[in-house]
Structures are given as C-alpha cells and as structure tokens.
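What follows is a short report on a single structure.
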Amino acid sequence: MSLLPSVPLPFPISPPPPHPSSPLRCLQVFGLELVEIDAKTHAYILVNKLQRTEGDTMNWGDATPKMGLLMVILSIIFMKGNVLKDSLLWHTLKKLRIDPSERHEDFGDARKLITEEFVKQKYLEYVRIPHTDPVEYEFRWGPRATKETSKLKVLEFVAKMHNDQDPKTWLTQYKEAQQEAAAAPRN
C-alpha cells in the first residue's frame, strides 16, 4: 500500500490560470504584457510593451547571438511564403557559415538549438511534411514569434540587411505585413 496518494501536496499539480488583474498589473508596473500563446495547455509569455529609445543598447547577454539567428530564420520563413522546408533552411544557413552538422562557436549545436530549443520556446514550429519519403520537415513561425514581433518588423530587418532598401522593394511581403498590421488589435 502506498502512502503517496494520501499525502496532500502543498501546491496544485497544474498551475492555476493567472488572476484576472495580473495582466493589467504586469503592464502597468513592468511594461510587460501577459499573453496566452497556447489555449490548450494554457502556456503564457511576457511580452515587453515598452518602446525602445534612441541609443538604447539592450544587452541580451549570452542570448544576443541566438536571438539574431532566430530573427534571420523568421525572416527567411516570411520571405519564402511563411513556410520553409528544413533542407532549404540548412542550405541557407551553410551560406552564412552555420553548418548544422558542425558545432558553432556561438550557437553550439545549431540543429538542436533550432529544432528543439526554439521550438520548445514556441518561436518556431517544426512539422513533418506528410507522405514524404525520405521524411521531410518544414518550419513556420511559432505562436511566440507572432506575439513578440510582426511581419513588418521582420521586413524592416530584411531591408536593413539589404543596405537599407525600402521595404516596399518586396511588394508581396510588404502588402502581407501591412494587412497583418491593419488587422492587429490596438493596445
């Protein structure tokens, strides 16, 4: 006979939903918005809603190179129609001297970082393409990326990487980014 089931736990097995006033307090006190990214599992993230000021050089510490890589990946996905085969991502990253089969100085195991860490953090979705032999996968933006950035910001990043070109250079993506911005709820 086990005693474990009869021992009361000092905390609930699953966390309770946030208190209704928690999101407002987070925003007012810290400038952070509490955003649900997965209604099924009740996963939440905090999104910084404070505007960066001119000359602000926020230091992400050790995460800076990883977040830069993530921004590159989100950009490639967006520019390629919001879905990207993994083979094309690995090919593109090799051109940037990030070989998923070799340990990288800044990212370590890049394949693991991208397919596990970024996926676990919900920045990316990594989905098997059905009925492919050999097995193929594709990347899409995850719910956290959608909440923390926008297609317009990513397009501006792409434009900056192309010698400050006008984002309208990529008309299809620009129109999509404008539509997303127009549909976004106002805070």
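So you can find residues: chains in the structure tokens are A, B, ... in the order shown, residues in each start at 1, and ligands are numbered from 1 in order.
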> Please, which residues of region 43-176 of chain A, numbered as in this document, come out alpha helix (DSSP H) from DSSP, as a ChimeraX atom specification?
Replying inline: /A:64-79,86-95,110-112,118-120,143-148,151-161,171-176
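Among A:Thr146, A:Thr132, A:Leu155, A:Met161, the residue with the shortest atom-to-atom distance to Lys175 (chain A), counting only C-alpha atoms, is A:Leu155.
As for CA of Lys95 (chain A) and CA of Arg128 (chain A), they are spaced 24.2 Å apart.
Going from CA of Thr115 (chain A) over to CA of Asp86 (chain A), you cover 9.5 Å.
Between CA of Glu36 (chain A) and CA of Lys122 (chain A) the interatomic distance comes to 11.6 Å.
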>> Using only C-alpha atoms for the distances, tell me which of A:Ile73, A:Val119, A:Leu171, A:Ala39 is nearest to Leu152 (chain A).
In response: A:Leu171
>> Env of Phe139 (chain A): 6 Å cut, atoms = only C-alpha atoms, seq-sep filter 5 positions within chain, self excluded. Answer as a PyMOL selection string.
In response: chain A and resi 83-84+125-126
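Using only C-alpha atoms for every distance, the candidate list A:Gln165, A:Phe157, A:Lys147, A:Ala177 yields A:Phe157 as the residue closest to Gly68 (chain A).
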Running DSSP on the backbone, which parts of region 67-135 of chain A land in strand (DSSP E), as a CSV table (one decimal) with all heavy atoms, in the first residue's frame?
chain,number,residue,atom,x,y,z
A,84,LEU,N,8.8,26.9,-44.7
A,84,LEU,CA,10.2,26.7,-45.2
A,84,LEU,C,10.6,25.3,-45.0
A,84,LEU,O,10.6,24.8,-43.8
A,84,LEU,CB,11.2,27.7,-44.6
A,84,LEU,CG,12.6,27.6,-45.0
A,84,LEU,CD1,12.8,28.2,-46.4
A,84,LEU,CD2,13.5,28.5,-44.0
A,85,LYS,N,11.0,24.5,-46.0
A,85,LYS,CA,11.5,23.2,-45.8
A,85,LYS,C,12.8,23.3,-45.1
A,85,LYS,O,13.6,24.2,-45.3
A,85,LYS,CB,11.7,22.5,-47.2
A,85,LYS,CG,10.5,22.0,-47.8
A,85,LYS,CD,10.8,21.2,-49.0
A,85,LYS,CE,9.5,20.6,-49.6
A,85,LYS,NZ,9.8,19.7,-50.7
A,103,ARG,N,29.7,21.9,-34.8
A,103,ARG,CA,29.5,22.7,-33.6
A,103,ARG,C,29.9,24.2,-34.0
A,103,ARG,O,31.0,24.4,-34.5
A,103,ARG,CB,30.3,22.2,-32.5
A,103,ARG,CG,30.1,22.9,-31.2
A,103,ARG,CD,30.4,22.0,-30.0
A,103,ARG,NE,30.0,22.7,-28.7
A,103,ARG,CZ,28.8,22.7,-28.3
A,103,ARG,NH1,27.8,22.1,-28.9
A,103,ARG,NH2,28.5,23.3,-27.1
A,104,HIS,N,29.0,25.1,-33.7
A,104,HIS,CA,29.2,26.5,-34.0
A,104,HIS,C,29.8,27.2,-32.7
A,104,HIS,O,29.4,26.9,-31.6
A,104,HIS,CB,27.9,27.2,-34.4
A,104,HIS,CG,28.1,28.5,-35.0
A,104,HIS,ND1,28.1,29.6,-34.2
A,104,HIS,CD2,28.4,29.0,-36.2
A,104,HIS,CE1,28.3,30.7,-34.9
A,104,HIS,NE2,28.5,30.3,-36.2
A,108,GLY,N,26.7,26.6,-30.6
A,108,GLY,CA,26.8,25.2,-30.2
A,108,GLY,C,26.2,24.3,-31.3
A,108,GLY,O,26.5,24.5,-32.5
A,109,ASP,N,25.4,23.4,-30.9
A,109,ASP,CA,24.7,22.5,-31.8
A,109,ASP,C,23.5,23.3,-32.5
A,109,ASP,O,22.4,23.4,-31.9
A,109,ASP,CB,24.2,21.3,-31.1
A,109,ASP,CG,23.6,20.3,-32.0
A,109,ASP,OD1,23.2,20.6,-33.1
A,109,ASP,OD2,23.4,19.1,-31.5
A,124,LEU,N,9.3,28.8,-33.0
A,124,LEU,CA,9.2,28.1,-34.3
A,124,LEU,C,8.3,26.9,-34.2
A,124,LEU,O,8.2,26.3,-33.1
A,124,LEU,CB,10.6,27.6,-34.8
A,124,LEU,CG,11.6,28.7,-35.2
A,124,LEU,CD1,13.0,28.0,-35.5
A,124,LEU,CD2,11.2,29.6,-36.3
A,125,GLU,N,7.7,26.5,-35.3
A,125,GLU,CA,7.0,25.2,-35.4
A,125,GLU,C,7.8,24.4,-36.4
A,125,GLU,O,8.3,24.9,-37.4
A,125,GLU,CB,5.6,25.4,-35.9
A,125,GLU,CG,4.7,26.1,-34.9
A,125,GLU,CD,3.3,26.3,-35.4
A,125,GLU,OE1,3.0,26.0,-36.6
A,125,GLU,OE2,2.4,26.7,-34.6
A,126,TYR,N,8.1,23.2,-36.0
A,126,TYR,CA,8.9,22.2,-36.9
A,126,TYR,C,8.0,21.0,-37.1
A,126,TYR,O,7.8,20.2,-36.2
A,126,TYR,CB,10.1,21.9,-36.1
A,126,TYR,CG,11.1,21.0,-36.8
A,126,TYR,CD1,11.6,21.5,-38.1
A,126,TYR,CD2,11.6,19.9,-36.3
A,126,TYR,CE1,12.6,20.7,-38.7
A,126,TYR,CE2,12.6,19.1,-36.9
A,126,TYR,CZ,13.1,19.5,-38.2
A,126,TYR,OH,14.0,18.8,-38.8
A,127,VAL,N,7.4,20.9,-38.3
A,127,VAL,CA,6.4,20.0,-38.6
A,127,VAL,C,6.8,19.0,-39.7
A,127,VAL,O,7.3,19.5,-40.7
A,127,VAL,CB,5.1,20.7,-39.0
A,127,VAL,CG1,3.9,19.8,-39.2
A,127,VAL,CG2,4.7,21.7,-37.9
A,128,ARG,N,6.5,17.7,-39.5
A,128,ARG,CA,6.8,16.8,-40.5
A,128,ARG,C,5.8,17.0,-41.7
A,128,ARG,O,4.6,17.2,-41.5
A,128,ARG,CB,6.6,15.3,-40.0
A,128,ARG,CG,6.9,14.3,-41.0
A,128,ARG,CD,6.8,12.9,-40.5
A,128,ARG,NE,7.1,12.0,-41.6
A,128,ARG,CZ,6.9,10.7,-41.6
A,128,ARG,NH1,6.5,10.1,-40.5
A,128,ARG,NH2,7.2,10.0,-42.6
A,129,ILE,N,6.3,16.9,-42.9
A,129,ILE,CA,5.5,17.0,-44.1
A,129,ILE,C,5.0,15.6,-44.4
A,129,ILE,O,5.7,14.7,-44.5
A,129,ILE,CB,6.3,17.5,-45.3
A,129,ILE,CG1,6.9,18.9,-45.0
A,129,ILE,CG2,5.5,17.6,-46.5
A,129,ILE,CD1,8.0,19.3,-46.0
>> I need the residue nearest Tyr174 (chain A) from this list: A:Phe78, A:Met67, A:Lys160, A:Glu105. Use only C-alpha atoms for the distance.
In response: A:Phe78
